[in-house]
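Structure first, commentary second.
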Amino acid sequence: MTTTLDRPPRRSAPGANNTTTTSTSPSHRLRVSFAAARVSFTWMGVRKTLSAQQTAQAAEAFGAQGAFLSAAKKLIDTRDQTFAAVSAVRSRIIAYWKGLSLPYPEAGIRLIRQEDVEPFNQHMGEFREELAQAVENLDRHFEQLKSAAHQRLGSLYNEADYPPNLSGLFAVEWDFPSVEPPDYLLRLNPALYEQEKQRIAARFDEAVSLAQQAFTAELAKLVDHLVQRLGSQADGSRKIFRDSAITNLTEFFGRFRQLNIGSSAELDRLVEMAQRAVAGVDPQSVRDNDTLRQHLATQLSAVSASLDQLLVDAPRRRILRPVKMEVGS
C-alpha cells in the first residue's frame, strides 16, 4: 500500500546562515531544495556456508586443511528466469532512485528534489507491487528450483536450508529521513544543537563535492566511449557505432539540467561544450560520414582532456560508514 506524502515546504534549513553555508552557496541551494530519500531491501540469501565436516571433505580433494578453507553452496540457480525477474525489479528500482537523485555522504541515503518526493513515493509503490508479483511467480516455481538444486548439490542438499515459502523474504522499503538537527535539541542543549548544525553543514558541503565528482566521472566515461567509437580499427575500417553512444549522452544532459546545483562553472562549461558538439547529430550520419566523425572526435577529445583534469583535481571522496541492509549511496 502506498502512502502519499505531503510535499515538504521550501524553507531555510536550521543553521543555513553560518560561515560555511551562505544563501547563495551550492550547499545551501542543495539543502533547501532537496530532500533525503532512503531505499533498503529485504532479500533472501541464496548461498549457505558449508558445515565444518563438509568443508573438511571438500578440502581433502585439494590436499588442504579444512581450517584454512572456506566454502559455500549455492541454494538455487539465480540464472533461472523466475529469479532473474525478481532481481531485475531490484535493479530497476536502484537505477530509478539513483537517476533521480544526488549522492549524500551517508550510506543508503540520496538527495532528491523536493518536488520529486511525491512522484518518487508513488513510483516506488508501483515498484513494490511489481516486485510482489515477480516474487509470487518465483514462489510458484520454487519447488522446481529446489528440485534442480537437489540434483546439482547431491549430498550437500539439505531441505532445512529452504523456507516453506517466500513470504516476507523479498521486500523494498523507502522513507524520507530528516538530515537536519532536531528542533528539540535546541531547547535541551543549545551547544550540542550548534555542533549538530555545523556537522550537517559540512555534510552538505561534502554532498556538493560528491555530486560534482559523480557528474564529472559519468560525463568523462560517456565522452571517452564516444570518442573511442569514432576511431578506426587497426586495418583502417570504422569501428561499430551504436545509437546509444549518442543517446546515453543526451539522457545525461537531461538529468544534469534537472539535478545540477551550479557547483562548478567549469563542469557547466564542459557539459555545454559536449552538448553543442552532439546537438542535432544523427547516429546514422556519424556511421556514414568520415568528416563528421573526425569533427566530433576533435571537439569531444578537447572536452575529454578537460574532464580528466577535473577528475585529477577533485578532492578524494570520504569513506562512507556501511549501513546494514541498505543500498549504498
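In the C-alpha cells, chains take letters A, B, ... by order of appearance, with residues numbered from 1 within each chain and ligands from 1 in the order shown.
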
Worksheet item: DSSP on the backbone: what in stretch 24-161 of chain A comes out helix (DSSP H, G or I), as a PyMOL selection string?
Response: chain A and resi 26-33+52-60+66-68+81-99+114-140+142-156+159-161

Can you write out the residues you just picked, keeping C-alpha atoms, as a short mmCIF file (atom, residue, chain, number, x, y, z; two decimals), in the first residue's frame?
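Done, and the output landed in selection.cif:
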data_model
loop_
_atom_site.label_atom_id
_atom_site.label_comp_id
_atom_site.auth_asym_id
_atom_site.auth_seq_id
_atom_site.Cartn_x
_atom_site.Cartn_y
_atom_site.Cartn_z
CA PRO A 26 25.56 25.42 -3.77
CA SER A 27 25.34 23.61 -0.42
CA HIS A 28 22.59 25.97 0.75
CA ARG A 29 20.66 25.52 -2.51
CA LEU A 30 21.02 21.78 -2.13
CA ARG A 31 19.91 21.90 1.49
CA VAL A 32 16.73 23.94 0.97
CA SER A 33 15.53 22.42 -2.32
CA ALA A 52 32.86 -27.84 9.18
CA GLN A 53 32.57 -31.50 8.22
CA GLN A 54 31.56 -30.67 4.64
CA THR A 55 34.39 -28.15 4.34
CA ALA A 56 36.88 -30.73 5.59
CA GLN A 57 35.63 -33.21 2.98
CA ALA A 58 35.99 -30.60 0.26
CA ALA A 59 39.50 -29.77 1.46
CA GLU A 60 40.59 -33.39 1.11
CA GLY A 66 39.67 -27.65 6.36
CA ALA A 67 40.52 -24.96 8.91
CA PHE A 68 42.21 -22.95 6.14
CA GLN A 81 14.25 -16.66 -15.39
CA THR A 82 11.86 -16.52 -12.44
CA PHE A 83 14.61 -15.48 -10.02
CA ALA A 84 16.22 -13.22 -12.63
CA ALA A 85 12.88 -11.42 -13.00
CA VAL A 86 12.88 -10.64 -9.27
CA SER A 87 16.47 -9.38 -9.43
CA ALA A 88 15.61 -7.25 -12.47
CA VAL A 89 12.97 -5.36 -10.48
CA ARG A 90 15.55 -4.57 -7.83
CA SER A 91 17.96 -3.31 -10.49
CA ARG A 92 15.28 -1.05 -11.96
CA ILE A 93 14.44 0.35 -8.53
CA ILE A 94 18.08 1.23 -7.86
CA ALA A 95 18.53 2.74 -11.33
CA TYR A 96 15.38 4.85 -10.92
CA TRP A 97 16.37 6.06 -7.45
CA LYS A 98 19.93 6.95 -8.44
CA GLY A 99 18.86 8.53 -11.72
CA GLN A 114 11.54 18.27 -3.08
CA GLU A 115 9.10 18.47 -5.99
CA ASP A 116 10.03 14.87 -6.88
CA VAL A 117 9.17 13.45 -3.44
CA GLU A 118 5.52 12.72 -4.22
CA PRO A 119 6.07 11.16 -7.68
CA PHE A 120 9.01 9.19 -6.27
CA ASN A 121 6.82 7.85 -3.49
CA GLN A 122 4.10 6.86 -5.95
CA HIS A 123 6.52 5.24 -8.38
CA MET A 124 8.16 3.26 -5.58
CA GLY A 125 4.72 1.97 -4.66
CA GLU A 126 4.35 0.70 -8.22
CA PHE A 127 7.76 -0.94 -7.99
CA ARG A 128 6.70 -2.63 -4.74
CA GLU A 129 3.68 -4.15 -6.48
CA GLU A 130 5.85 -5.24 -9.41
CA LEU A 131 8.30 -6.88 -7.03
CA ALA A 132 5.47 -8.67 -5.19
CA GLN A 133 4.17 -10.09 -8.47
CA ALA A 134 7.63 -11.27 -9.51
CA VAL A 135 8.15 -12.93 -6.10
CA GLU A 136 4.72 -14.57 -6.33
CA ASN A 137 5.71 -16.08 -9.68
CA LEU A 138 9.04 -17.21 -8.21
CA ASP A 139 7.20 -18.83 -5.32
CA ARG A 140 5.08 -20.84 -7.76
CA PHE A 142 10.22 -22.56 -6.08
CA GLU A 143 9.72 -26.32 -5.75
CA GLN A 144 11.13 -26.77 -9.25
CA LEU A 145 14.18 -24.69 -8.31
CA LYS A 146 14.66 -26.79 -5.18
CA SER A 147 14.40 -29.98 -7.17
CA ALA A 148 17.02 -28.74 -9.62
CA ALA A 149 19.25 -27.73 -6.70
CA HIS A 150 18.84 -31.20 -5.20
CA GLN A 151 20.22 -32.74 -8.39
CA ARG A 152 23.12 -30.30 -8.59
CA LEU A 153 24.11 -30.33 -4.91
CA GLY A 154 23.84 -34.05 -4.35
CA SER A 155 24.62 -34.95 -0.76
CA LEU A 156 25.12 -31.26 0.09
CA GLU A 159 15.79 -29.41 2.83
CA ALA A 160 16.16 -27.39 6.05
CA ASP A 161 18.12 -24.75 4.12
#

Worksheet entry | Residue neighbourhood stretch 248-251 of chain A, 10 Å, only C-alpha atoms, exclusion window fewer than 3 positions, as an MDAnalysis selection string | chainID A and resid 218:219 221:223 226 243:245 254:256 271 274:275 278:279

Now that the selection is made, can you save its residues with N, CA and C atoms as an mmCIF file, in the first residue's frame?
data_model
loop_
_atom_site.group_PDB
_atom_site.id
_atom_site.type_symbol
_atom_site.label_atom_id
_atom_site.label_comp_id
_atom_site.auth_asym_id
_atom_site.auth_seq_id
_atom_site.Cartn_x
_atom_site.Cartn_y
_atom_site.Cartn_z
ATOM 1 N N GLU A 218 30.838 10.560 -14.737
ATOM 2 C CA GLU A 218 29.889 9.982 -15.691
ATOM 3 C C GLU A 218 30.048 10.606 -17.066
ATOM 4 N N LEU A 219 30.175 11.927 -17.109
ATOM 5 C CA LEU A 219 30.347 12.588 -18.400
ATOM 6 C C LEU A 219 31.656 12.158 -19.054
ATOM 7 N N LYS A 221 33.205 9.340 -18.750
ATOM 8 C CA LYS A 221 33.042 7.973 -19.259
ATOM 9 C C LYS A 221 32.262 7.962 -20.570
ATOM 10 N N LEU A 222 31.187 8.742 -20.637
ATOM 11 C CA LEU A 222 30.356 8.776 -21.841
ATOM 12 C C LEU A 222 31.104 9.408 -23.008
ATOM 13 N N VAL A 223 31.816 10.505 -22.741
ATOM 14 C CA VAL A 223 32.569 11.180 -23.805
ATOM 15 C C VAL A 223 33.714 10.305 -24.290
ATOM 16 N N LEU A 226 32.392 7.628 -26.539
ATOM 17 C CA LEU A 226 32.009 8.137 -27.853
ATOM 18 C C LEU A 226 33.238 8.423 -28.708
ATOM 19 N N ASP A 243 23.727 3.631 -31.726
ATOM 20 C CA ASP A 243 22.957 4.824 -31.387
ATOM 21 C C ASP A 243 23.151 5.221 -29.925
ATOM 22 N N SER A 244 23.329 4.242 -29.051
ATOM 23 C CA SER A 244 23.431 4.507 -27.615
ATOM 24 C C SER A 244 24.615 5.407 -27.265
ATOM 25 N N ALA A 245 25.645 5.442 -28.124
ATOM 26 C CA ALA A 245 26.784 6.315 -27.853
ATOM 27 C C ALA A 245 26.359 7.776 -27.827
ATOM 28 N N GLY A 254 19.951 15.739 -19.955
ATOM 29 C CA GLY A 254 18.663 15.986 -19.337
ATOM 30 C C GLY A 254 18.714 15.839 -17.829
ATOM 31 N N ARG A 255 19.384 14.782 -17.360
ATOM 32 C CA ARG A 255 19.493 14.556 -15.912
ATOM 33 C C ARG A 255 20.343 15.639 -15.253
ATOM 34 N N PHE A 256 21.385 16.084 -15.958
ATOM 35 C CA PHE A 256 22.250 17.136 -15.419
ATOM 36 C C PHE A 256 21.475 18.441 -15.277
ATOM 37 N N VAL A 271 29.934 20.557 -19.963
ATOM 38 C CA VAL A 271 28.665 19.932 -20.350
ATOM 39 C C VAL A 271 28.082 20.656 -21.559
ATOM 40 N N ALA A 274 30.051 19.729 -24.719
ATOM 41 C CA ALA A 274 29.699 18.396 -25.192
ATOM 42 C C ALA A 274 28.311 18.390 -25.813
ATOM 43 N N GLN A 275 27.396 19.130 -25.205
ATOM 44 C CA GLN A 275 26.029 19.174 -25.724
ATOM 45 C C GLN A 275 25.985 19.852 -27.092
ATOM 46 N N VAL A 278 27.233 17.467 -29.988
ATOM 47 C CA VAL A 278 26.366 16.389 -30.479
ATOM 48 C C VAL A 278 24.958 16.859 -30.804
ATOM 49 N N ALA A 279 24.705 18.164 -30.632
ATOM 50 C CA ALA A 279 23.363 18.688 -30.889
ATOM 51 C C ALA A 279 22.963 18.435 -32.347
#

Fill in: A:Phe241, A:Tyr162, A:Phe204, A:Tyr104 ranked by distance to A:Val286, top pick (using only C-alpha atoms)
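Closest to A:Val286 of all the choices is A:Phe241.
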
Item to complete: Tell me which protein, DNA and RNA residues are within 7 Å of stretch 172-186 of chain A, counting only C-alpha atoms, leaving out same-chain ones fewer than 4 positions away, and put them as an MDAnalysis selection string.
Response: chainID A and resid 36:42 128 190 193 196:197 200

Save out the residues we just selected, C-alpha atoms, as a JSON list (two decimals), in the first residue's frame.
[["chain", "number", "residue", "atom", "x", "y", "z"],
["A", 36, "ALA", "CA", 16.74, 12.87, 1.74],
["A", 37, "ALA", "CA", 15.38, 9.61, 0.34],
["A", 38, "ARG", "CA", 16.46, 6.24, 1.72],
["A", 39, "VAL", "CA", 15.91, 2.89, -0.01],
["A", 40, "SER", "CA", 16.56, -0.54, 1.50],
["A", 41, "PHE", "CA", 15.81, -4.14, 0.59],
["A", 42, "THR", "CA", 14.98, -7.39, 2.33],
["A", 128, "ARG", "CA", 6.70, -2.63, -4.74],
["A", 190, "PRO", "CA", 21.92, 24.73, 22.59],
["A", 193, "TYR", "CA", 22.48, 21.84, 18.68],
["A", 196, "GLU", "CA", 24.98, 19.40, 15.01],
["A", 197, "LYS", "CA", 24.32, 22.40, 12.75],
["A", 200, "ILE", "CA", 25.15, 18.88, 8.92]]

Fill in: Between atom CA of A:Ile240 and atom CA of A:Arg287, distance in Å (one decimal)
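Distance reported for this atom pair: 8.2 Å.
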